[in-house]
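Coordinates as given in input-v1.cif (mmCIF, C-alpha atoms and all ligand atoms):
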```
data_input
loop_
_atom_site.group_PDB
_atom_site.id
_atom_site.type_symbol
_atom_site.label_atom_id
_atom_site.label_comp_id
_atom_site.auth_asym_id
_atom_site.auth_seq_id
_atom_site.Cartn_x
_atom_site.Cartn_y
_atom_site.Cartn_z
ATOM 1 C CA MET A 249 -0.406 6.867 -15.204
ATOM 2 C CA PRO A 250 1.325 3.490 -14.648
ATOM 3 C CA VAL A 251 -0.676 0.322 -15.263
ATOM 4 C CA THR A 252 -1.239 -1.548 -12.010
ATOM 5 C CA ASP A 253 -2.927 -4.785 -11.024
ATOM 6 C CA THR A 254 -4.787 -3.292 -8.079
ATOM 7 C CA PRO A 255 -8.188 -1.624 -8.430
ATOM 8 C CA LEU A 256 -7.256 0.965 -5.766
ATOM 9 C CA ARG A 257 -5.405 4.199 -6.336
ATOM 10 C CA TYR A 258 -3.293 4.992 -3.356
ATOM 11 C CA PRO A 259 -1.722 8.212 -2.140
ATOM 12 C CA GLY A 260 1.940 7.318 -1.850
ATOM 13 C CA GLY A 261 1.324 3.912 -3.465
ATOM 14 C CA LYS A 262 4.530 2.002 -4.039
ATOM 15 C CA SER A 263 3.758 0.041 -7.216
ATOM 16 C CA GLN A 264 6.726 1.631 -8.961
ATOM 17 C CA LEU A 265 9.005 -0.203 -6.541
ATOM 18 C CA THR A 266 7.877 -3.617 -7.856
ATOM 19 C CA PRO A 267 11.001 -4.247 -10.020
ATOM 20 C CA VAL A 268 13.194 -3.606 -6.967
ATOM 21 C CA VAL A 269 11.222 -6.134 -4.934
ATOM 22 C CA VAL A 270 11.391 -8.708 -7.740
ATOM 23 C CA ASP A 271 15.144 -8.179 -7.871
ATOM 24 C CA ILE A 272 15.463 -8.683 -4.108
ATOM 25 C CA LEU A 273 13.324 -11.855 -4.225
ATOM 26 C CA THR A 274 15.452 -13.218 -7.074
ATOM 27 C CA ARG A 275 18.813 -12.417 -5.481
ATOM 28 C CA ASN A 276 17.810 -14.023 -2.211
ATOM 29 C CA GLY A 277 16.291 -17.230 -3.559
ATOM 30 C CA MET A 278 12.846 -16.080 -2.420
ATOM 31 C CA LEU A 279 10.939 -16.468 -5.689
ATOM 32 C CA TYR A 280 7.801 -18.617 -5.241
ATOM 33 C CA GLY A 281 7.978 -18.013 -1.503
ATOM 34 C CA GLU A 282 5.493 -15.784 0.288
ATOM 35 C CA TYR A 283 5.199 -12.019 0.561
ATOM 36 C CA ALA A 284 3.542 -9.806 3.166
ATOM 37 C CA GLU A 285 2.373 -6.205 3.366
ATOM 38 C CA PRO A 286 1.396 -5.311 6.954
ATOM 39 C CA PHE A 287 0.312 -1.832 5.705
ATOM 40 C CA ALA A 288 -1.367 -3.061 2.552
ATOM 41 C CA GLY A 289 -3.447 -0.100 1.351
ATOM 42 C CA GLY A 290 -3.778 -0.575 -2.394
ATOM 43 C CA ALA A 291 -1.346 -3.528 -2.252
ATOM 44 C CA GLY A 292 -0.023 -2.711 -5.714
ATOM 45 C CA ILE A 293 3.260 -4.602 -5.343
ATOM 46 C CA ALA A 294 1.649 -7.610 -3.678
ATOM 47 C CA MET A 295 -0.891 -8.003 -6.483
ATOM 48 C CA THR A 296 1.682 -7.819 -9.258
ATOM 49 C CA LEU A 297 3.899 -10.366 -7.489
ATOM 50 C CA LEU A 298 1.039 -12.808 -6.985
ATOM 51 C CA LEU A 299 -0.670 -12.394 -10.350
ATOM 52 C CA ASN A 300 2.621 -12.904 -12.164
ATOM 53 C CA ASN A 301 3.548 -15.920 -10.035
ATOM 54 C CA TYR A 302 6.672 -14.400 -8.493
ATOM 55 C CA VAL A 303 5.282 -15.542 -5.126
ATOM 56 C CA SER A 304 2.965 -18.361 -4.137
ATOM 57 C CA GLY A 305 0.988 -16.505 -1.506
ATOM 58 C CA ILE A 306 0.517 -13.056 -0.023
ATOM 59 C CA TYR A 307 -0.500 -11.650 3.358
ATOM 60 C CA LEU A 308 -2.436 -8.378 3.275
ATOM 61 C CA ASN A 309 -3.096 -6.461 6.467
ATOM 62 C CA ASP A 310 -4.506 -2.982 6.988
ATOM 63 C CA ILE A 311 -5.978 -1.479 10.130
ATOM 64 C CA ASP A 312 -8.506 0.585 8.192
ATOM 65 C CA PRO A 313 -11.848 -1.309 8.235
ATOM 66 C CA ALA A 314 -12.849 0.378 4.966
ATOM 67 C CA ILE A 315 -9.767 -0.951 3.167
ATOM 68 C CA TYR A 316 -10.352 -4.351 4.736
ATOM 69 C CA ALA A 317 -14.006 -4.284 3.591
ATOM 70 C CA PHE A 318 -12.900 -3.542 0.041
ATOM 71 C CA TRP A 319 -10.403 -6.404 -0.122
ATOM 72 C CA HIS A 320 -12.851 -8.738 1.618
ATOM 73 C CA SER A 321 -15.468 -7.936 -1.047
ATOM 74 C CA VAL A 322 -12.951 -8.625 -3.832
ATOM 75 C CA LEU A 323 -12.018 -11.986 -2.358
ATOM 76 C CA HIS A 324 -15.395 -13.217 -1.135
ATOM 77 C CA GLN A 325 -18.055 -11.427 -3.222
ATOM 78 C CA PRO A 326 -16.385 -10.676 -6.565
ATOM 79 C CA ASP A 327 -19.571 -11.193 -8.588
ATOM 80 C CA ALA A 328 -21.660 -8.881 -6.433
ATOM 81 C CA LEU A 329 -18.882 -6.287 -6.358
ATOM 82 C CA SER A 330 -18.458 -6.462 -10.134
ATOM 83 C CA ALA A 331 -22.207 -6.085 -10.625
ATOM 84 C CA ARG A 332 -22.176 -2.929 -8.520
ATOM 85 C CA ILE A 333 -19.256 -1.528 -10.491
ATOM 86 C CA GLN A 334 -21.105 -2.184 -13.742
ATOM 87 C CA GLN A 335 -24.445 -0.827 -12.588
ATOM 88 C CA VAL A 336 -23.458 2.287 -10.660
ATOM 89 C CA GLU A 337 -23.994 5.710 -12.201
ATOM 90 C CA VAL A 338 -20.906 7.783 -11.515
ATOM 91 C CA THR A 339 -22.582 11.062 -10.606
ATOM 92 C CA ILE A 340 -22.318 13.637 -7.831
ATOM 93 C CA GLU A 341 -25.623 12.348 -6.348
ATOM 94 C CA GLU A 342 -24.122 8.860 -6.138
ATOM 95 C CA TRP A 343 -20.912 10.288 -4.657
ATOM 96 C CA HIS A 344 -22.967 11.816 -1.798
ATOM 97 C CA ARG A 345 -24.753 8.478 -1.295
ATOM 98 C CA GLN A 346 -21.521 6.468 -1.209
ATOM 99 C CA ARG A 347 -19.834 8.991 1.078
ATOM 100 C CA LYS A 348 -22.703 8.605 3.547
ATOM 101 C CA VAL A 349 -22.266 4.811 3.526
ATOM 102 C CA PHE A 350 -18.507 5.199 3.913
ATOM 103 C CA LEU A 351 -18.834 7.535 6.909
ATOM 104 C CA ASP A 352 -21.696 5.640 8.579
ATOM 105 C CA PRO A 353 -20.271 3.951 11.707
ATOM 106 C CA ASP A 354 -23.365 1.723 11.846
ATOM 107 C CA CYS A 355 -22.902 0.310 8.350
ATOM 108 C CA THR A 356 -22.160 -3.349 8.980
ATOM 109 C CA ASP A 357 -22.636 -4.661 5.450
ATOM 110 C CA ILE A 358 -19.130 -5.424 4.289
ATOM 111 C CA LEU A 359 -20.013 -5.250 0.578
ATOM 112 C CA ASP A 360 -21.709 -1.850 1.016
ATOM 113 C CA LYS A 361 -18.641 -0.571 2.840
ATOM 114 C CA GLY A 362 -16.224 -2.182 0.398
ATOM 115 C CA PHE A 363 -17.994 -0.743 -2.626
ATOM 116 C CA ALA A 364 -18.268 2.735 -1.066
ATOM 117 C CA THR A 365 -14.502 2.598 -0.421
ATOM 118 C CA LEU A 366 -13.775 1.707 -4.039
ATOM 119 C CA PHE A 367 -16.198 4.349 -5.329
ATOM 120 C CA LEU A 368 -14.617 7.153 -3.284
ATOM 121 C CA ASN A 369 -11.100 5.943 -4.029
ATOM 122 C CA ARG A 370 -11.798 6.141 -7.753
ATOM 123 C CA THR A 371 -13.756 9.412 -7.723
ATOM 124 C CA ASN A 372 -11.845 11.489 -5.148
ATOM 125 C CA ARG A 373 -8.769 13.547 -5.867
ATOM 126 C CA SER A 374 -5.622 11.411 -5.482
ATOM 127 C CA GLY A 375 -7.775 8.547 -4.190
ATOM 128 C CA ILE A 376 -7.952 10.150 -0.738
ATOM 129 C CA LEU A 377 -11.010 8.578 0.858
ATOM 130 C CA ARG A 378 -11.952 11.571 2.968
ATOM 131 C CA GLY A 379 -10.926 14.057 0.305
ATOM 132 C CA GLY A 380 -12.848 16.051 -2.275
ATOM 133 C CA VAL A 381 -14.348 14.766 -5.494
ATOM 134 C CA ILE A 382 -12.468 15.063 -8.800
ATOM 135 C CA GLY A 383 -13.779 18.130 -10.638
ATOM 136 C CA GLY A 384 -15.377 19.623 -7.505
ATOM 137 C CA LEU A 385 -18.971 19.395 -6.313
ATOM 138 C CA GLN A 386 -20.052 21.681 -9.130
ATOM 139 C CA GLN A 387 -17.993 19.638 -11.638
ATOM 140 C CA THR A 388 -16.339 22.759 -12.994
ATOM 141 C CA GLY A 389 -12.805 21.300 -13.051
ATOM 142 C CA ASN A 390 -11.045 20.057 -16.173
ATOM 143 C CA TYR A 391 -11.330 16.459 -14.989
ATOM 144 C CA LYS A 392 -14.762 15.069 -14.119
ATOM 145 C CA ILE A 393 -15.914 12.622 -11.464
ATOM 146 C CA GLY A 394 -15.880 9.580 -13.754
ATOM 147 C CA CYS A 395 -12.436 10.037 -15.307
ATOM 148 C CA ARG A 396 -10.790 7.354 -13.128
ATOM 149 C CA PHE A 397 -13.761 5.000 -13.024
ATOM 150 C CA ASN A 398 -13.222 2.647 -15.922
ATOM 151 C CA LYS A 399 -15.852 -0.016 -15.288
ATOM 152 C CA ALA A 400 -14.419 -2.674 -17.608
ATOM 153 C CA ASP A 401 -10.915 -2.242 -16.224
ATOM 154 C CA LEU A 402 -12.026 -2.321 -12.581
ATOM 155 C CA THR A 403 -14.178 -5.405 -13.099
ATOM 156 C CA ARG A 404 -11.366 -7.206 -14.877
ATOM 157 C CA LYS A 405 -8.964 -6.463 -12.021
ATOM 158 C CA VAL A 406 -11.449 -7.575 -9.351
ATOM 159 C CA ARG A 407 -12.155 -10.891 -11.110
ATOM 160 C CA ARG A 408 -8.496 -11.580 -11.779
ATOM 161 C CA ILE A 409 -7.543 -11.077 -8.118
ATOM 162 C CA ALA A 410 -10.524 -13.143 -6.921
ATOM 163 C CA ASP A 411 -9.149 -16.117 -8.889
ATOM 164 C CA TYR A 412 -6.203 -16.115 -6.456
ATOM 165 C CA GLN A 413 -8.420 -15.951 -3.371
ATOM 166 C CA ASP A 414 -7.016 -19.098 -1.756
ATOM 167 C CA GLN A 415 -3.475 -17.681 -1.988
ATOM 168 C CA ILE A 416 -4.343 -14.484 -0.110
ATOM 169 C CA THR A 417 -4.543 -14.103 3.676
ATOM 170 C CA LEU A 418 -6.401 -10.934 4.642
ATOM 171 C CA THR A 419 -6.417 -9.374 8.129
ATOM 172 C CA CYS A 420 -7.436 -6.090 9.724
ATOM 173 C CA MET A 421 -5.199 -5.371 12.685
ATOM 174 C CA ASP A 422 -2.444 -3.140 13.949
ATOM 175 C CA ALA A 423 0.680 -3.835 11.911
ATOM 176 C CA ALA A 424 2.953 -4.260 14.929
ATOM 177 C CA LYS A 425 0.547 -6.895 16.298
ATOM 178 C CA PHE A 426 0.297 -8.487 12.872
ATOM 179 C CA VAL A 427 4.049 -8.997 12.597
ATOM 180 C CA LYS A 428 4.140 -10.531 16.061
ATOM 181 C CA LYS A 429 1.016 -12.720 15.896
ATOM 182 C CA VAL A 430 0.156 -13.683 12.313
ATOM 183 C CA PHE A 431 3.574 -13.694 10.898
ATOM 184 C CA PRO A 432 5.214 -16.555 12.724
ATOM 185 C CA LYS A 433 2.743 -18.819 10.868
ATOM 186 C CA SER A 434 4.114 -17.843 7.461
ATOM 187 C CA SER A 435 6.702 -19.788 5.484
ATOM 188 C CA SER A 436 10.311 -19.078 6.453
ATOM 189 C CA ASN A 437 10.844 -17.987 2.844
ATOM 190 C CA THR A 438 8.697 -14.881 3.194
ATOM 191 C CA LEU A 439 9.609 -11.282 2.439
ATOM 192 C CA VAL A 440 7.868 -8.633 4.567
ATOM 193 C CA ASN A 441 7.525 -5.216 2.970
ATOM 194 C CA LEU A 442 6.458 -2.556 5.454
ATOM 195 C CA ASP A 443 5.166 0.726 4.114
ATOM 196 C CA PRO A 444 3.918 2.636 7.162
ATOM 197 C CA PRO A 445 2.187 5.997 7.010
ATOM 198 C CA TYR A 446 4.766 8.722 6.462
ATOM 199 C CA PHE A 447 6.341 10.189 9.571
ATOM 200 C CA GLY A 448 5.887 13.735 8.290
ATOM 201 C CA LYS A 449 2.568 13.275 6.514
ATOM 202 C CA GLY A 450 -0.333 11.066 7.370
ATOM 203 C CA PRO A 451 -3.399 12.707 8.797
ATOM 204 C CA GLU A 452 -4.239 14.294 5.491
ATOM 205 C CA LEU A 453 -3.509 11.206 3.416
ATOM 206 C CA TYR A 454 -4.896 8.233 5.290
ATOM 207 C CA THR A 455 -7.763 7.497 7.616
ATOM 208 C CA ASN A 456 -5.360 5.985 10.132
ATOM 209 C CA PHE A 457 -1.991 7.363 10.929
ATOM 210 C CA TYR A 458 0.885 6.876 13.268
ATOM 211 C CA LYS A 459 2.148 8.997 16.116
ATOM 212 C CA ALA A 460 5.877 9.155 16.934
ATOM 213 C CA ALA A 461 5.540 6.454 19.608
ATOM 214 C CA ASP A 462 3.868 4.105 17.116
ATOM 215 C CA HIS A 463 6.762 4.487 14.684
ATOM 216 C CA ALA A 464 9.146 3.579 17.509
ATOM 217 C CA LYS A 465 7.056 0.557 18.515
ATOM 218 C CA LEU A 466 7.042 -0.615 14.930
ATOM 219 C CA ALA A 467 10.819 -0.260 14.614
ATOM 220 C CA ASP A 468 11.201 -2.497 17.697
ATOM 221 C CA ALA A 469 8.836 -5.113 16.256
ATOM 222 C CA VAL A 470 10.673 -5.066 12.919
ATOM 223 C CA SER A 471 14.055 -5.579 14.575
ATOM 224 C CA LEU A 472 12.736 -8.801 16.111
ATOM 225 C CA LEU A 473 11.286 -10.224 12.906
ATOM 226 C CA LYS A 474 12.383 -13.728 12.037
ATOM 227 C CA ARG A 475 11.346 -13.263 8.400
ATOM 228 C CA ARG A 476 13.427 -11.027 6.147
ATOM 229 C CA TRP A 477 12.065 -7.527 5.676
ATOM 230 C CA ILE A 478 12.320 -4.120 4.034
ATOM 231 C CA VAL A 479 10.749 -0.850 5.232
ATOM 232 C CA THR A 480 10.057 2.249 3.120
ATOM 233 C CA TYR A 481 9.635 5.673 4.690
ATOM 234 C CA ASP A 482 9.896 9.380 4.188
ATOM 235 C CA ASP A 483 13.315 10.759 4.985
ATOM 236 C CA THR A 484 13.278 12.408 8.420
ATOM 237 C CA PRO A 485 15.908 12.546 11.202
ATOM 238 C CA GLU A 486 13.576 10.582 13.473
ATOM 239 C CA ILE A 487 13.238 7.674 11.043
ATOM 240 C CA ARG A 488 16.972 7.632 10.254
ATOM 241 C CA GLN A 489 17.605 7.370 13.949
ATOM 242 C CA LEU A 490 14.970 4.725 14.688
ATOM 243 C CA TYR A 491 16.532 2.438 12.094
ATOM 244 C CA ASP A 492 20.158 3.376 12.615
ATOM 245 C CA ALA A 493 21.166 -0.199 13.377
ATOM 246 C CA HIS A 494 20.068 -1.294 9.910
ATOM 247 C CA PRO A 495 21.344 -0.632 6.390
ATOM 248 C CA THR A 496 19.458 2.407 5.092
ATOM 249 C CA TYR A 497 19.338 3.715 1.548
ATOM 250 C CA SER A 498 18.222 6.988 0.132
ATOM 251 C CA SER A 499 16.193 6.532 -2.998
ATOM 252 C CA SER A 500 16.902 9.959 -4.379
ATOM 253 C CA LEU A 501 19.175 8.077 -6.788
ATOM 254 C CA ASN A 502 17.516 6.041 -9.480
ATOM 255 C CA TYR A 503 17.481 2.311 -9.061
ATOM 256 C CA SER A 504 17.774 1.709 -12.778
ATOM 257 C CA ALA A 505 17.467 3.539 -16.057
ATOM 258 C CA GLN A 506 13.902 2.282 -16.544
ATOM 259 C CA ILE A 507 12.733 3.722 -13.252
ATOM 260 C CA LYS A 508 12.875 7.462 -13.469
ATOM 261 C CA ARG A 509 11.689 7.932 -9.937
ATOM 262 C CA VAL A 510 11.562 5.258 -7.247
ATOM 263 C CA GLY A 511 9.101 7.338 -5.273
ATOM 264 C CA VAL A 512 10.247 6.581 -1.729
ATOM 265 C CA GLU A 513 12.683 8.570 0.282
ATOM 266 C CA LEU A 514 14.242 5.908 2.467
ATOM 267 C CA LEU A 515 14.512 2.167 2.168
ATOM 268 C CA VAL A 516 15.705 0.263 5.235
ATOM 269 C CA ALA A 517 16.686 -3.346 4.678
ATOM 270 C CA ASP A 518 17.190 -6.402 6.807
ATOM 271 C CA ARG A 519 20.900 -7.155 7.055
ATOM 272 C CA ARG A 520 20.234 -10.746 5.968
ATOM 273 C CA LEU A 521 19.093 -9.604 2.519
ATOM 274 C CA LYS A 522 21.365 -9.331 -0.491
ATOM 275 C CA LEU A 523 20.532 -6.114 -2.318
ATOM 276 C CA PRO A 524 21.151 -5.043 -5.921
ATOM 277 C CA PRO A 525 24.720 -3.689 -6.354
ATOM 278 C CA SER A 526 23.325 -0.286 -7.382
ATOM 279 C CA PHE A 527 22.183 0.184 -3.800
ATOM 280 C CA ALA A 528 25.775 0.602 -2.598
ATOM 281 C CA SER A 529 25.908 4.178 -3.832
ATOM 282 C CA MET A 530 22.637 4.995 -2.078
ATOM 283 C CA GLU A 531 23.659 3.798 1.370
ATOM 284 C CA ILE A 532 23.381 6.332 4.169
ATOM 285 C CA THR A 533 26.435 6.148 6.373
ATOM 286 C CA ARG A 534 26.405 6.689 10.130
ATOM 287 C CA THR A 535 27.829 10.200 9.818
ATOM 288 C CA SER A 536 25.365 11.240 7.172
ATOM 289 C CA ARG A 537 22.407 10.031 9.234
ATOM 290 C CA VAL A 538 22.202 13.333 11.002
ATOM 291 C CA MET A 539 22.077 15.273 7.754
ATOM 292 C CA VAL A 540 18.667 15.097 6.180
ATOM 293 C CA ARG A 541 17.714 16.933 3.083
ATOM 294 C CA GLN A 542 14.390 18.734 2.976
ATOM 295 C CA PRO A 543 11.600 16.208 2.377
ATOM 296 C CA ALA A 544 10.510 16.308 -1.233
ATOM 297 C CA ALA A 545 6.984 17.494 -1.789
ATOM 298 C CA MET A 546 4.604 14.565 -2.160
ATOM 299 C CA ARG A 547 3.663 13.946 -5.717
ATOM 300 C CA ILE A 548 -0.066 13.496 -5.861
ATOM 301 C CA ALA A 549 -1.775 12.791 -9.129
ATOM 302 C CA ALA A 550 -5.316 13.980 -9.805
HETATM 303 C C1 LIG B 601 1.552 4.277 3.039
HETATM 304 S S1 LIG B 601 -0.002 3.483 3.020
HETATM 305 C C2 LIG B 601 0.367 1.984 2.254
HETATM 306 C C3 LIG B 601 0.340 2.114 0.775
HETATM 307 C C4 LIG B 601 0.600 0.810 0.050
HETATM 308 N N1 LIG B 601 1.966 0.374 0.225
HETATM 309 C C5 LIG B 601 0.304 0.956 -1.416
HETATM 310 O O1 LIG B 601 1.180 0.849 -2.265
HETATM 311 O O2 LIG B 601 -0.869 1.185 -1.731
HETATM 312 C C6 LIG B 601 -0.245 3.116 4.667
HETATM 313 C C7 LIG B 601 -1.444 2.210 4.988
HETATM 314 O O3 LIG B 601 -1.277 1.815 6.350
HETATM 315 C C8 LIG B 601 -2.549 1.716 6.958
HETATM 316 N N2 LIG B 601 -2.315 1.839 8.398
HETATM 317 C C9 LIG B 601 -2.180 2.964 9.145
HETATM 318 N N3 LIG B 601 -1.918 2.654 10.427
HETATM 319 C C10 LIG B 601 -1.863 1.305 10.486
HETATM 320 C C11 LIG B 601 -1.608 0.371 11.525
HETATM 321 N N4 LIG B 601 -1.378 0.778 12.762
HETATM 322 N N5 LIG B 601 -1.586 -0.940 11.241
HETATM 323 C C12 LIG B 601 -1.845 -1.374 9.979
HETATM 324 N N6 LIG B 601 -2.124 -0.548 8.956
HETATM 325 C C13 LIG B 601 -2.123 0.769 9.199
HETATM 326 C C14 LIG B 601 -3.368 2.837 6.341
HETATM 327 O O4 LIG B 601 -4.747 2.528 6.418
HETATM 328 C C15 LIG B 601 -2.825 2.849 4.912
HETATM 329 O O5 LIG B 601 -3.640 2.058 4.083
#
```

For the file at hand, write its structure as structure tokens.
Ligand SMILES: C[S@@+](CC[C@H](N)C(=O)[O-])C[C@H]1O[C@@H](n2cnc3c(N)ncnc32)[C@H](O)[C@@H]1O
Amino acid sequence: MPVTDTPLRYPGGKSQLTPVVVDILTRNGMLYGEYAEPFAGGAGIAMTLLLNNYVSGIYLNDIDPAIYAFWHSVLHQPDALSARIQQVEVTIEEWHRQRKVFLDPDCTDILDKGFATLFLNRTNRSGILRGGVIGGLQQTGNYKIGCRFNKADLTRKVRRIADYQDQITLTCMDAAKFVKKVFPKSSSNTLVNLDPPYFGKGPELYTNFYKAADHAKLADAVSLLKRRWIVTYDDTPEIRQLYDAHPTYSSSLNYSAQIKRVGVELLVADRRLKLPPSFASMEITRTSRVMVRQPAAMRIAA
């Protein structure tokens, strides 16, 4: 399991793409600028960039109020959140309690919601918030409920991120609105990395997901962005077509020897960005846009 700077595990998380993003920032004179994830989720790349001072500030947006509550708790109540992490007993009884809090539409306490989100993310299979618990309700599996809940590690990550609180802008809105409304206020030297829910998968992975029309609306909003951007997606004919005016790369080829598997299927890039030379061999030409290989099965870790 790769070491990440985020406390969240995320189905389809893109942390392994961090070296590619660092390369793009470097090539384009964007180091120490700002960086935005309109579909933040676990925000693995954003955290590594900020905590290692590749960028001076990050924008995190996610429409899911549970994800927002988690990040809000990290930034504004790190001590209380850390205390809960330390004190909680990671048991099936507690899992039922936290699940109830998570699903309760009347729960207005942001720390309660934020902690329940973290608890389920760390104790459910693949981090899927509405999924089943690791090891099963009877705990008969090989892995048990607590195997991904390392209290010391989680607390350390929460406190480290909280130290950067004044360099993080957190919002909870629709990504297309976010890029139109919040974004114009960012520095002109900002890279936007959009990682929308997969076109082909979604309902089973995330609480919120996109319909075909939403993907199209997003593609329109991205085309109008004044800041430079990249988008990662699963490889489907619909997505190839939506972005056919922009350079598109298939990541089935390795970016470098160190990265065995980039983990995304398509990367669409703003024409204004200089990309690593190795991308040339991954470019999808106009004629090949209609030919799509079968989507690879999603790799989901326990
Ligand atoms: C593919 S995941 C992002 C994963 C993230 N890049 C990572 O590495 O952890 C997609 C995220 O988009 C969020 N989302 C879904 N629909 C959205 C919308 N309309 N606006 C903003 N966020 C949305 C989901 O809640 C989910 O967290």

Coordinates of box centre and edge lengths for ligand LIG 601 (chain B), 6 Å on every side, axis-aligned, as AutoDock Vina command-line options:
```
--center_x -1.4 --center_y 1.5 --center_z 5.2 --size_x 18.7 --size_y 17.7 --size_z 27.0
```

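Residues surrounding region 462-472 of chain A within 10 Å are Asp422, Ala423, Ala424, Lys425, Phe426, Val427, Lys428, Val440, Leu442, Pro444, Pro445, Tyr446, Phe447, Ile478, Val479, Glu486, Ile487, Gln489, Leu490, Tyr491, Ala493, His494 and Asp518 of chain A [only C-alpha atoms; sequence separation below 6 positions excluded].
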
Using only C-alpha atoms and all ligand atoms, determine which residues fall within 9 Å of ligand LIG 601 (chain B), then list them as a ChimeraX atom specification. /A:254,256-265,285-294,309-315,420-426,441-446,450,453-458,462,466,480-481

Would you export the selected residues with C-alpha atoms as a compact mmCIF listing (two decimals), in the frame of the given file, please?
```txt
# COMPACT_ATOMS: atom_id res chain seq x y z
CA THR A 254 -4.79 -3.29 -8.08
CA LEU A 256 -7.26 0.96 -5.77
CA ARG A 257 -5.40 4.20 -6.34
CA TYR A 258 -3.29 4.99 -3.36
CA PRO A 259 -1.72 8.21 -2.14
CA GLY A 260 1.94 7.32 -1.85
CA GLY A 261 1.32 3.91 -3.46
CA LYS A 262 4.53 2.00 -4.04
CA SER A 263 3.76 0.04 -7.22
CA GLN A 264 6.73 1.63 -8.96
CA LEU A 265 9.01 -0.20 -6.54
CA GLU A 285 2.37 -6.20 3.37
CA PRO A 286 1.40 -5.31 6.95
CA PHE A 287 0.31 -1.83 5.70
CA ALA A 288 -1.37 -3.06 2.55
CA GLY A 289 -3.45 -0.10 1.35
CA GLY A 290 -3.78 -0.57 -2.39
CA ALA A 291 -1.35 -3.53 -2.25
CA GLY A 292 -0.02 -2.71 -5.71
CA ILE A 293 3.26 -4.60 -5.34
CA ALA A 294 1.65 -7.61 -3.68
CA ASN A 309 -3.10 -6.46 6.47
CA ASP A 310 -4.51 -2.98 6.99
CA ILE A 311 -5.98 -1.48 10.13
CA ASP A 312 -8.51 0.58 8.19
CA PRO A 313 -11.85 -1.31 8.24
CA ALA A 314 -12.85 0.38 4.97
CA ILE A 315 -9.77 -0.95 3.17
CA CYS A 420 -7.44 -6.09 9.72
CA MET A 421 -5.20 -5.37 12.68
CA ASP A 422 -2.44 -3.14 13.95
CA ALA A 423 0.68 -3.84 11.91
CA ALA A 424 2.95 -4.26 14.93
CA LYS A 425 0.55 -6.90 16.30
CA PHE A 426 0.30 -8.49 12.87
CA ASN A 441 7.52 -5.22 2.97
CA LEU A 442 6.46 -2.56 5.45
CA ASP A 443 5.17 0.73 4.11
CA PRO A 444 3.92 2.64 7.16
CA PRO A 445 2.19 6.00 7.01
CA TYR A 446 4.77 8.72 6.46
CA GLY A 450 -0.33 11.07 7.37
CA LEU A 453 -3.51 11.21 3.42
CA TYR A 454 -4.90 8.23 5.29
CA THR A 455 -7.76 7.50 7.62
CA ASN A 456 -5.36 5.98 10.13
CA PHE A 457 -1.99 7.36 10.93
CA TYR A 458 0.88 6.88 13.27
CA ASP A 462 3.87 4.11 17.12
CA LEU A 466 7.04 -0.62 14.93
CA THR A 480 10.06 2.25 3.12
CA TYR A 481 9.64 5.67 4.69
```

Selection dump of the PyMOL selection byres (((chain A and resi 300-302) around 10) and not hetatm), as a PDB file with C-alpha atoms, keeping the file's coordinate frame:
```pdb
ATOM      1  CA  ASP A 253      -2.927  -4.785 -11.024  1.00  0.00           C
ATOM      2  CA  VAL A 270      11.391  -8.708  -7.740  1.00  0.00           C
ATOM      3  CA  LEU A 273      13.324 -11.855  -4.225  1.00  0.00           C
ATOM      4  CA  THR A 274      15.452 -13.218  -7.074  1.00  0.00           C
ATOM      5  CA  MET A 278      12.846 -16.080  -2.420  1.00  0.00           C
ATOM      6  CA  LEU A 279      10.939 -16.468  -5.689  1.00  0.00           C
ATOM      7  CA  TYR A 280       7.801 -18.617  -5.241  1.00  0.00           C
ATOM      8  CA  GLY A 281       7.978 -18.013  -1.503  1.00  0.00           C
ATOM      9  CA  GLU A 282       5.493 -15.784   0.288  1.00  0.00           C
ATOM     10  CA  TYR A 283       5.199 -12.019   0.561  1.00  0.00           C
ATOM     11  CA  ALA A 294       1.649  -7.610  -3.678  1.00  0.00           C
ATOM     12  CA  MET A 295      -0.891  -8.003  -6.483  1.00  0.00           C
ATOM     13  CA  THR A 296       1.682  -7.819  -9.258  1.00  0.00           C
ATOM     14  CA  LEU A 297       3.899 -10.366  -7.489  1.00  0.00           C
ATOM     15  CA  LEU A 298       1.039 -12.808  -6.985  1.00  0.00           C
ATOM     16  CA  LEU A 299      -0.670 -12.394 -10.350  1.00  0.00           C
ATOM     17  CA  VAL A 303       5.282 -15.542  -5.126  1.00  0.00           C
ATOM     18  CA  SER A 304       2.965 -18.361  -4.137  1.00  0.00           C
ATOM     19  CA  GLY A 305       0.988 -16.505  -1.506  1.00  0.00           C
TER      20      GLY A 305
END
```

The PyMOL selection byres (((chain A and resi 255) around 12) and not hetatm) on the file shown: which residues, as a ChimeraX atom specification? /A:251-254,256-258,289-292,295-296,315,318-319,322,329-330,333,362-363,365-367,369-370,375,396-410

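Every protein, DNA or RNA residue with an atom at most 10 Å from Gln386 (chain A), where only C-alpha atoms count and chain neighbours fewer than 4 positions away do not, is listed here: Ile340, Val381 and Lys392 of chain A.
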
File dump, residues just selected, C-alpha atoms, as an mmCIF file, keeping the file's coordinate frame:
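selection-v4.cif written:
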```cif
data_model
loop_
_atom_site.group_PDB
_atom_site.id
_atom_site.type_symbol
_atom_site.label_atom_id
_atom_site.label_comp_id
_atom_site.auth_asym_id
_atom_site.auth_seq_id
_atom_site.Cartn_x
_atom_site.Cartn_y
_atom_site.Cartn_z
ATOM 1 C CA ILE A 340 -22.318 13.637 -7.831
ATOM 2 C CA VAL A 381 -14.348 14.766 -5.494
ATOM 3 C CA LYS A 392 -14.762 15.069 -14.119
#
```
